[in-house]
Number of protein chains: 2
Amino acid sequence: MSASDPPDPGRVRAWLQDLQGRICAGLEAVDGQARFVPDREDRGEAGLSDPRVLEDGPVIERAAVNFTHSRGAGLPEAATQRHPQLAGLPFEAVSLSLIVHPRNPYAPTTHANFRCFVAGAPGEPAAWWVGGGFDLTPYYGFDEDTVAWHRAARAACTPSGPGVHADLKARCDAYFHLDHRNEQRGVGGIFFDDWTEGGWTASLGLLQRVGEAFWPAYRPILVARSAMPYGESQRRWQLIRRGRYVEFNLIQDRGTRYGLQSGRRIEAVLGSMPPAVAWAYQHQPTPGSPEAELLSRYLVPRDWLADGV
Amino acid sequence: MSASDPPDPGRVRAWLQDLQGRICAGLEAVDGQARFVPDREDRGEAGLSDPRVLEDGPVIERAAVNFTHSRGAGLPEAATQRHPQLAGLPFEAVSLSLIVHPRNPYAPTTHANFRCFVAGAPGEPAAWWVGGGFDLTPYYGFDEDTVAWHRAARAACTPSGPGVHADLKARCDAYFHLDHRNEQRGVGGIFFDDWTEGGWTASLGLLQRVGEAFWPAYRPILVARSAMPYGESQRRWQLIRRGRYVEFNLIQDRGTRYGLQSGRRIEAVLGSMPPAVAWAYQHQPTPGSPEAELLSRYLVPRDWLADGV
């Protein structure tokens, strides 16, 4: 740990709370009707839980944009499976986690998370890291959306070094892989965890660029695709594909599983669940259809920027 | 192991295949329209996978009645977490597993499973056990259905001894508890695992009485409740409650999680998923409503036969 570049979770908290407000305002503006409902729980020195959920809008069927700040005198063992040496230390964790389920099947679901963690004494921490990323889960694939999404991700990463984007894209593809179906959850994006590269200031720089890149990347896709006409057949496909999202979140997602095990604020943890979902037995899209193309072209790891775009 | 009372998985297979046929015929007769679609995979000496799924009937929205027979020269470690000493032994497992999701919200979902397991040499097995049970998940509670259900369960258990039903009911309540919601999945029934009480013949007797009791117990409830008129409000509640079923199956259920980890026949493993599901954020039924009564009166462990009925 460098004493000259100490982590500053308070600064991350202030930034993420501001970002939460801006993203919620942006989503409300795009929806034009539904409003976020807060369920704030201020725990004083122990932190703040501030989940915000918007439901049943004309554009957005459900969005959850949750800020959490946790501070404690002794890190529970369950929270440190990957870092058992930190159990019992004082800690501070700050996180903004969000998910958007648009109504229109042509508009992709998105998920993003931005967080930092510090353990040990404030002046001389035993460990810290930042993590986060954003990823896109379309029900119908569009090359131009996917390329624009990955370009935004790359632009956020590039100042951190030449190999960083490729690294974070590969981590995203690896993490959002639905093991029992052997398919990607979506077209990916970027994902990082336990990040300390270059020290605190450089790592925070990456986190903030990624955090600030999310909404400008998602907004135009949401707006454009939500204007497309669709019918029952597209809706049905969306509901079936949302089932994959549920499978991933309940079976694999570390954040969801940790939240469920913690037993706290279950409604906030599961505020990310799609509002309506279907499971069809042995459903296979018609060969050559847009639904089949989603599986064959989009839900596989692919270098969308390979052509230098 | 008693050499004079050896386990006979072949006999269980023949009985369960016959029972599968009778339950499927019964469900088709009640539905009156939809038919089970088989997806049989005969693996010869390695066993037989025979899932049957019925979908989109006027009475039954989805039912999955799956027979599986597995035989192998060496039990994989993943299959023996609770019995590591059996890894590598030859084994034979026979199972009938079923789930019924009726369309009418007044008709309860049900789940049942009947199985046996033998490890070691056929003549002198290292271990064997039987297991199974049935449980009921109503969306609206009815005392008379619940009492009749538990009476049928008790009648199947009583010949095995005076304390057996209370034991198996308690195991069912313990198993079908949704931990992160701290609520029961339904009104329970009976559940047993690793059962060897009294030797093979006595244990098989219990398994067969439980297996034969299921359909005569469920059929009258399904028929009566499916005739009740309902509206959008009841349907909505059913979809939300089905979300709890999904949460249980994907997060906790041992059979589902083992099936997913095995990576084989995922569609058969997930054939038990409800066809249509909803998640509502912070949904609370109106106090005093039938929906609130489901939670307060039915989804708690309760001795439904306490009055000597």
# chains A, B, ... in the order shown; residues from 1 in each chain; ligands from 1
$ residues_around --residues "segment 139-154 of chain A" --least-positions-apart "2" --cutoff "7 Å" --atoms "only C-alpha atoms" --output "ChimeraX atom specification"
/A:105-106,108,137,156-158,165,189-190,213,217,221,238,241,290-291,294,298,304-305
$ write_last_selection --atoms "C-alpha atoms" --output "compact mmCIF listing (two decimals), in the first residue's frame"
# COMPACT_ATOMS: atom_id res chain seq x y z
CA PRO A 105 -38.12 -6.49 -27.03
CA TYR A 106 -35.87 -4.68 -29.49
CA PRO A 108 -31.64 -4.53 -24.75
CA THR A 137 -28.19 -8.22 -23.07
CA ALA A 156 -13.21 4.38 -21.16
CA CYS A 157 -10.39 1.87 -20.79
CA THR A 158 -7.76 3.19 -23.19
CA HIS A 165 -9.79 -2.93 -22.74
CA GLY A 189 -18.96 -5.15 -22.39
CA ILE A 190 -16.34 -4.81 -19.68
CA ALA A 213 -19.34 6.16 -19.97
CA ALA A 217 -23.53 4.54 -24.26
CA ILE A 221 -29.65 2.43 -27.92
CA GLN A 238 -38.11 -11.50 -24.89
CA ARG A 241 -34.76 -14.91 -22.99
CA PRO A 290 -33.60 -12.95 -36.08
CA GLU A 291 -34.09 -15.01 -32.92
CA LEU A 294 -29.19 -13.71 -31.67
CA TYR A 298 -24.47 -12.32 -30.77
CA TRP A 304 -16.73 -6.48 -32.30
CA LEU A 305 -13.95 -3.95 -32.87
$ select_by_dssp --residues "segment 70-256 of chain A" --states "strand (DSSP E)" --output "JSON, numbers by chain"
{"A": [70, 71, 72, 91, 92, 93, 94, 95, 96, 97, 98, 99, 100, 101, 102, 109, 110, 111, 112, 113, 114, 115, 116, 117, 118, 119, 120, 125, 126, 127, 128, 129, 130, 131, 132, 133, 134, 135, 136, 137, 177, 178, 183, 184, 188, 189, 190, 191, 192, 193, 194, 195]}
$ write_last_selection --atoms "N, CA and C atoms" --output "short mmCIF file (atom, residue, chain, number, x, y, z; two decimals), in the first residue's frame"
data_model
loop_
_atom_site.label_atom_id
_atom_site.label_comp_id
_atom_site.auth_asym_id
_atom_site.auth_seq_id
_atom_site.Cartn_x
_atom_site.Cartn_y
_atom_site.Cartn_z
N SER A 70 -21.50 0.44 2.92
CA SER A 70 -21.44 -0.37 4.14
C SER A 70 -20.12 -0.09 4.85
N ARG A 71 -20.22 0.09 6.16
CA ARG A 71 -19.01 0.31 6.94
C ARG A 71 -19.15 -0.51 8.20
N GLY A 72 -18.09 -1.21 8.60
CA GLY A 72 -18.18 -2.05 9.79
C GLY A 72 -16.85 -2.21 10.48
N PHE A 91 -13.84 -2.32 7.67
CA PHE A 91 -13.97 -2.25 6.21
C PHE A 91 -14.96 -1.17 5.82
N GLU A 92 -14.88 -0.83 4.55
CA GLU A 92 -15.80 0.13 3.97
C GLU A 92 -16.01 -0.28 2.51
N ALA A 93 -17.28 -0.38 2.09
CA ALA A 93 -17.60 -0.76 0.72
C ALA A 93 -18.63 0.20 0.17
N VAL A 94 -18.41 0.67 -1.04
CA VAL A 94 -19.33 1.59 -1.69
C VAL A 94 -19.67 1.02 -3.06
N SER A 95 -20.95 1.01 -3.41
CA SER A 95 -21.35 0.37 -4.66
C SER A 95 -22.57 1.03 -5.27
N LEU A 96 -22.54 1.18 -6.59
CA LEU A 96 -23.74 1.52 -7.35
C LEU A 96 -23.98 0.38 -8.32
N SER A 97 -25.17 -0.19 -8.27
CA SER A 97 -25.50 -1.35 -9.08
C SER A 97 -26.81 -1.07 -9.77
N LEU A 98 -26.89 -1.34 -11.05
CA LEU A 98 -28.14 -1.00 -11.74
C LEU A 98 -28.48 -2.02 -12.81
N ILE A 99 -29.77 -2.09 -13.10
CA ILE A 99 -30.26 -2.95 -14.16
C ILE A 99 -31.45 -2.25 -14.79
N VAL A 100 -31.58 -2.37 -16.11
CA VAL A 100 -32.72 -1.77 -16.80
C VAL A 100 -33.36 -2.83 -17.69
N HIS A 101 -34.64 -3.09 -17.48
CA HIS A 101 -35.41 -3.99 -18.33
C HIS A 101 -36.40 -3.15 -19.14
N PRO A 102 -36.06 -2.83 -20.39
CA PRO A 102 -37.00 -2.07 -21.21
C PRO A 102 -38.21 -2.93 -21.56
N THR A 109 -31.71 -5.24 -22.46
CA THR A 109 -31.50 -5.09 -21.02
C THR A 109 -30.04 -4.72 -20.79
N THR A 110 -29.80 -3.91 -19.77
CA THR A 110 -28.41 -3.62 -19.42
C THR A 110 -28.20 -3.76 -17.92
N HIS A 111 -26.95 -3.98 -17.57
CA HIS A 111 -26.55 -4.09 -16.17
C HIS A 111 -25.22 -3.37 -16.02
N ALA A 112 -25.06 -2.66 -14.91
CA ALA A 112 -23.78 -2.00 -14.64
C ALA A 112 -23.55 -1.97 -13.14
N ASN A 113 -22.29 -1.92 -12.78
CA ASN A 113 -21.93 -1.89 -11.37
C ASN A 113 -20.60 -1.16 -11.24
N PHE A 114 -20.51 -0.29 -10.21
CA PHE A 114 -19.29 0.46 -9.95
C PHE A 114 -19.09 0.44 -8.45
N ARG A 115 -17.89 0.00 -7.99
CA ARG A 115 -17.73 -0.19 -6.55
C ARG A 115 -16.27 -0.03 -6.12
N CYS A 116 -16.10 0.23 -4.84
CA CYS A 116 -14.76 0.18 -4.26
C CYS A 116 -14.84 -0.43 -2.87
N PHE A 117 -13.73 -0.98 -2.43
CA PHE A 117 -13.66 -1.69 -1.16
C PHE A 117 -12.33 -1.35 -0.48
N VAL A 118 -12.41 -1.07 0.81
CA VAL A 118 -11.21 -0.78 1.58
C VAL A 118 -11.30 -1.55 2.90
N ALA A 119 -10.22 -2.26 3.28
CA ALA A 119 -10.18 -2.97 4.56
C ALA A 119 -8.95 -2.54 5.33
N GLY A 120 -9.11 -2.47 6.66
CA GLY A 120 -8.00 -2.08 7.51
C GLY A 120 -8.18 -0.67 8.03
N PRO A 125 -4.48 1.23 4.95
CA PRO A 125 -5.36 0.09 4.70
C PRO A 125 -4.58 -1.19 4.42
N ALA A 126 -5.15 -2.32 4.84
CA ALA A 126 -4.55 -3.64 4.56
C ALA A 126 -4.80 -4.04 3.11
N ALA A 127 -5.90 -3.58 2.56
CA ALA A 127 -6.22 -3.91 1.17
C ALA A 127 -7.27 -2.94 0.66
N TRP A 128 -7.27 -2.72 -0.61
CA TRP A 128 -8.36 -1.98 -1.26
C TRP A 128 -8.41 -2.42 -2.71
N TRP A 129 -9.53 -2.23 -3.33
CA TRP A 129 -9.64 -2.42 -4.77
C TRP A 129 -10.89 -1.73 -5.28
N VAL A 130 -10.92 -1.53 -6.58
CA VAL A 130 -12.13 -1.05 -7.23
C VAL A 130 -12.57 -2.13 -8.22
N GLY A 131 -13.82 -2.06 -8.63
CA GLY A 131 -14.34 -3.03 -9.58
C GLY A 131 -15.59 -2.49 -10.24
N GLY A 132 -16.04 -3.19 -11.26
CA GLY A 132 -17.27 -2.76 -11.91
C GLY A 132 -17.31 -3.15 -13.36
N GLY A 133 -18.09 -2.37 -14.11
CA GLY A 133 -18.24 -2.65 -15.53
C GLY A 133 -19.67 -2.48 -15.97
N PHE A 134 -19.89 -2.71 -17.25
CA PHE A 134 -21.26 -2.69 -17.78
C PHE A 134 -21.38 -3.69 -18.91
N ASP A 135 -22.56 -4.26 -19.04
CA ASP A 135 -22.78 -5.26 -20.09
C ASP A 135 -24.19 -5.13 -20.64
N LEU A 136 -24.39 -5.66 -21.85
CA LEU A 136 -25.64 -5.45 -22.59
C LEU A 136 -26.22 -6.82 -22.97
N THR A 137 -27.53 -6.96 -22.77
CA THR A 137 -28.19 -8.22 -23.07
C THR A 137 -29.35 -7.98 -24.03
N HIS A 177 -21.13 -15.82 -18.63
CA HIS A 177 -21.31 -17.05 -19.40
C HIS A 177 -22.23 -17.95 -18.58
N LEU A 178 -23.38 -18.32 -19.18
CA LEU A 178 -24.34 -19.16 -18.47
C LEU A 178 -23.88 -20.61 -18.64
N GLU A 183 -23.90 -20.65 -23.03
CA GLU A 183 -24.10 -19.50 -23.92
C GLU A 183 -23.79 -18.23 -23.13
N GLN A 184 -23.44 -17.17 -23.85
CA GLN A 184 -23.20 -15.89 -23.20
C GLN A 184 -24.52 -15.30 -22.76
N GLY A 188 -21.93 -8.71 -23.91
CA GLY A 188 -20.79 -8.36 -23.08
C GLY A 188 -20.59 -6.88 -22.91
N GLY A 189 -19.34 -6.51 -22.73
CA GLY A 189 -18.96 -5.15 -22.39
C GLY A 189 -17.63 -5.23 -21.68
N ILE A 190 -17.56 -4.70 -20.48
CA ILE A 190 -16.34 -4.81 -19.68
C ILE A 190 -16.69 -5.16 -18.24
N PHE A 191 -15.76 -5.82 -17.57
CA PHE A 191 -15.95 -6.26 -16.19
C PHE A 191 -14.59 -6.32 -15.53
N PHE A 192 -14.48 -5.76 -14.32
CA PHE A 192 -13.22 -5.90 -13.58
C PHE A 192 -13.51 -5.99 -12.09
N ASP A 193 -12.58 -6.61 -11.40
CA ASP A 193 -12.75 -6.86 -9.97
C ASP A 193 -11.36 -6.86 -9.34
N ASP A 194 -11.30 -6.54 -8.05
CA ASP A 194 -10.00 -6.55 -7.34
C ASP A 194 -8.97 -5.70 -8.07
N TRP A 195 -9.40 -4.58 -8.63
CA TRP A 195 -8.51 -3.79 -9.49
C TRP A 195 -7.69 -2.79 -8.67
#
$ closest_residue --among "A:Leu207, A:Cys172, A:Ala268, A:Val59" --to "Trp15 of chain A" --atoms "only C-alpha atoms"
A:Leu207
$ closest_atom_pairs --of "chain B" --to "chain A" --cutoff "10 Å" --atoms "only C-alpha atoms" --output "JSON lines"
{"residue": "B:Val53", "atom": "CA", "partner": "A:Tyr281", "partner_atom": "CA", "distance": 7.9}
{"residue": "B:Leu54", "atom": "CA", "partner": "A:Tyr281", "partner_atom": "CA", "distance": 9.4}
{"residue": "B:Glu55", "atom": "CA", "partner": "A:Tyr281", "partner_atom": "CA", "distance": 8.3}
{"residue": "B:Arg62", "atom": "CA", "partner": "A:Tyr281", "partner_atom": "CA", "distance": 9.2}
{"residue": "B:Ala64", "atom": "CA", "partner": "A:Tyr281", "partner_atom": "CA", "distance": 9.7}
{"residue": "B:Asp179", "atom": "CA", "partner": "A:Gly263", "partner_atom": "CA", "distance": 8.2}
{"residue": "B:His180", "atom": "CA", "partner": "A:Gly263", "partner_atom": "CA", "distance": 5.5}
{"residue": "B:Arg181", "atom": "CA", "partner": "A:Ile266", "partner_atom": "CA", "distance": 7.3}
{"residue": "B:Asn182", "atom": "CA", "partner": "A:Gly263", "partner_atom": "CA", "distance": 9.0}
{"residue": "B:Leu239", "atom": "CA", "partner": "A:Ala276", "partner_atom": "CA", "distance": 8.5}
{"residue": "B:Ile240", "atom": "CA", "partner": "A:Ala276", "partner_atom": "CA", "distance": 9.1}
{"residue": "B:Gly243", "atom": "CA", "partner": "A:Val277", "partner_atom": "CA", "distance": 9.1}
{"residue": "B:Val246", "atom": "CA", "partner": "A:Val246", "partner_atom": "CA", "distance": 8.8}
{"residue": "B:Glu247", "atom": "CA", "partner": "A:Leu250", "partner_atom": "CA", "distance": 7.0}
{"residue": "B:Phe248", "atom": "CA", "partner": "A:Leu250", "partner_atom": "CA", "distance": 9.5}
{"residue": "B:Asn249", "atom": "CA", "partner": "A:Leu250", "partner_atom": "CA", "distance": 9.6}
{"residue": "B:Leu250", "atom": "CA", "partner": "A:Ile251", "partner_atom": "CA", "distance": 6.0}
{"residue": "B:Ile251", "atom": "CA", "partner": "A:Leu250", "partner_atom": "CA", "distance": 6.0}
{"residue": "B:Gln252", "atom": "CA", "partner": "A:Ile251", "partner_atom": "CA", "distance": 9.4}
{"residue": "B:Arg257", "atom": "CA", "partner": "A:Ile251", "partner_atom": "CA", "distance": 8.5}
{"residue": "B:Gly259", "atom": "CA", "partner": "A:His180", "partner_atom": "CA", "distance": 9.2}
{"residue": "B:Leu260", "atom": "CA", "partner": "A:His180", "partner_atom": "CA", "distance": 5.7}
{"residue": "B:Gln261", "atom": "CA", "partner": "A:His180", "partner_atom": "CA", "distance": 6.8}
{"residue": "B:Ser262", "atom": "CA", "partner": "A:His180", "partner_atom": "CA", "distance": 8.3}
{"residue": "B:Gly263", "atom": "CA", "partner": "A:His180", "partner_atom": "CA", "distance": 5.5}
{"residue": "B:Arg264", "atom": "CA", "partner": "A:His180", "partner_atom": "CA", "distance": 8.3}
{"residue": "B:Arg265", "atom": "CA", "partner": "A:His180", "partner_atom": "CA", "distance": 9.6}
{"residue": "B:Ile266", "atom": "CA", "partner": "A:His180", "partner_atom": "CA", "distance": 7.0}
{"residue": "B:Glu267", "atom": "CA", "partner": "A:Gln282", "partner_atom": "CA", "distance": 5.9}
{"residue": "B:Ala268", "atom": "CA", "partner": "A:Tyr281", "partner_atom": "CA", "distance": 8.1}
{"residue": "B:Leu270", "atom": "CA", "partner": "A:Tyr281", "partner_atom": "CA", "distance": 7.9}
{"residue": "B:Gly271", "atom": "CA", "partner": "A:Tyr281", "partner_atom": "CA", "distance": 5.9}
{"residue": "B:Ser272", "atom": "CA", "partner": "A:Tyr281", "partner_atom": "CA", "distance": 9.1}
{"residue": "B:Met273", "atom": "CA", "partner": "A:Trp279", "partner_atom": "CA", "distance": 6.4}
{"residue": "B:Pro274", "atom": "CA", "partner": "A:Trp279", "partner_atom": "CA", "distance": 6.5}
{"residue": "B:Pro275", "atom": "CA", "partner": "A:Trp279", "partner_atom": "CA", "distance": 4.7}
{"residue": "B:Ala276", "atom": "CA", "partner": "A:Ala278", "partner_atom": "CA", "distance": 4.4}
{"residue": "B:Val277", "atom": "CA", "partner": "A:Val277", "partner_atom": "CA", "distance": 5.1}
{"residue": "B:Ala278", "atom": "CA", "partner": "A:Ala276", "partner_atom": "CA", "distance": 4.4}
{"residue": "B:Trp279", "atom": "CA", "partner": "A:Pro275", "partner_atom": "CA", "distance": 4.7}
{"residue": "B:Ala280", "atom": "CA", "partner": "A:Pro275", "partner_atom": "CA", "distance": 6.1}
{"residue": "B:Tyr281", "atom": "CA", "partner": "A:Gly271", "partner_atom": "CA", "distance": 5.9}
{"residue": "B:Gln282", "atom": "CA", "partner": "A:Glu267", "partner_atom": "CA", "distance": 5.9}
{"residue": "B:His283", "atom": "CA", "partner": "A:Glu267", "partner_atom": "CA", "distance": 9.0}
$ select_by_dssp --residues "segment 14-246 of chain B" --states "alpha helix (DSSP H)" --output "MDAnalysis selection string"
chainID B and resid 14:31 143:157 164:175 200:226 232:246
$ residues_around --residues "Arg52 of chain A" --least-positions-apart "2" --cutoff "6 Å" --atoms "only C-alpha atoms" --output "number ranges by chain"
A: 36-38, 64-66
$ residues_around --residues "Ala14 of chain B" --least-positions-apart "2" --cutoff "12 Å" --atoms "only C-alpha atoms" --output "VMD selection string"
chain B and resid 8 to 12 16 to 21 67 to 69 94 to 96 208
$ residues_around --residues "Pro159 of chain A" --least-positions-apart "3" --cutoff "9 Å" --atoms "only C-alpha atoms" --output "PDB file with N, CA, C and O atoms, in the first residue's frame"
ATOM      1  N   ALA A 155     -13.137   3.193 -25.172  1.00  0.00           N
ATOM      2  CA  ALA A 155     -12.722   4.582 -24.928  1.00  0.00           C
ATOM      3  C   ALA A 155     -12.520   4.840 -23.440  1.00  0.00           C
ATOM      4  O   ALA A 155     -11.619   5.589 -23.040  1.00  0.00           O
ATOM      5  N   ALA A 156     -13.343   4.181 -22.602  1.00  0.00           N
ATOM      6  CA  ALA A 156     -13.209   4.382 -21.156  1.00  0.00           C
ATOM      7  C   ALA A 156     -11.955   3.708 -20.609  1.00  0.00           C
ATOM      8  O   ALA A 156     -11.393   4.141 -19.607  1.00  0.00           O
ATOM      9  N   PRO A 162      -2.725   0.183 -23.009  1.00  0.00           N
ATOM     10  CA  PRO A 162      -3.131  -0.404 -24.292  1.00  0.00           C
ATOM     11  C   PRO A 162      -3.858  -1.736 -24.152  1.00  0.00           C
ATOM     12  O   PRO A 162      -4.750  -2.030 -24.927  1.00  0.00           O
ATOM     13  N   VAL A 164      -5.681  -2.824 -21.553  1.00  0.00           N
ATOM     14  CA  VAL A 164      -6.711  -2.876 -20.507  1.00  0.00           C
ATOM     15  C   VAL A 164      -8.086  -3.237 -21.083  1.00  0.00           C
ATOM     16  O   VAL A 164      -8.798  -4.069 -20.519  1.00  0.00           O
ATOM     17  N   GLY A 205      -9.469   6.474 -11.474  1.00  0.00           N
ATOM     18  CA  GLY A 205      -9.653   7.079 -12.792  1.00  0.00           C
ATOM     19  C   GLY A 205     -10.360   6.132 -13.742  1.00  0.00           C
ATOM     20  O   GLY A 205     -11.313   6.510 -14.443  1.00  0.00           O
ATOM     21  N   LEU A 206      -9.931   4.874 -13.751  1.00  0.00           N
ATOM     22  CA  LEU A 206     -10.591   3.883 -14.599  1.00  0.00           C
ATOM     23  C   LEU A 206     -12.054   3.710 -14.180  1.00  0.00           C
ATOM     24  O   LEU A 206     -12.967   3.740 -15.020  1.00  0.00           O
TER      25      LEU A 206
END
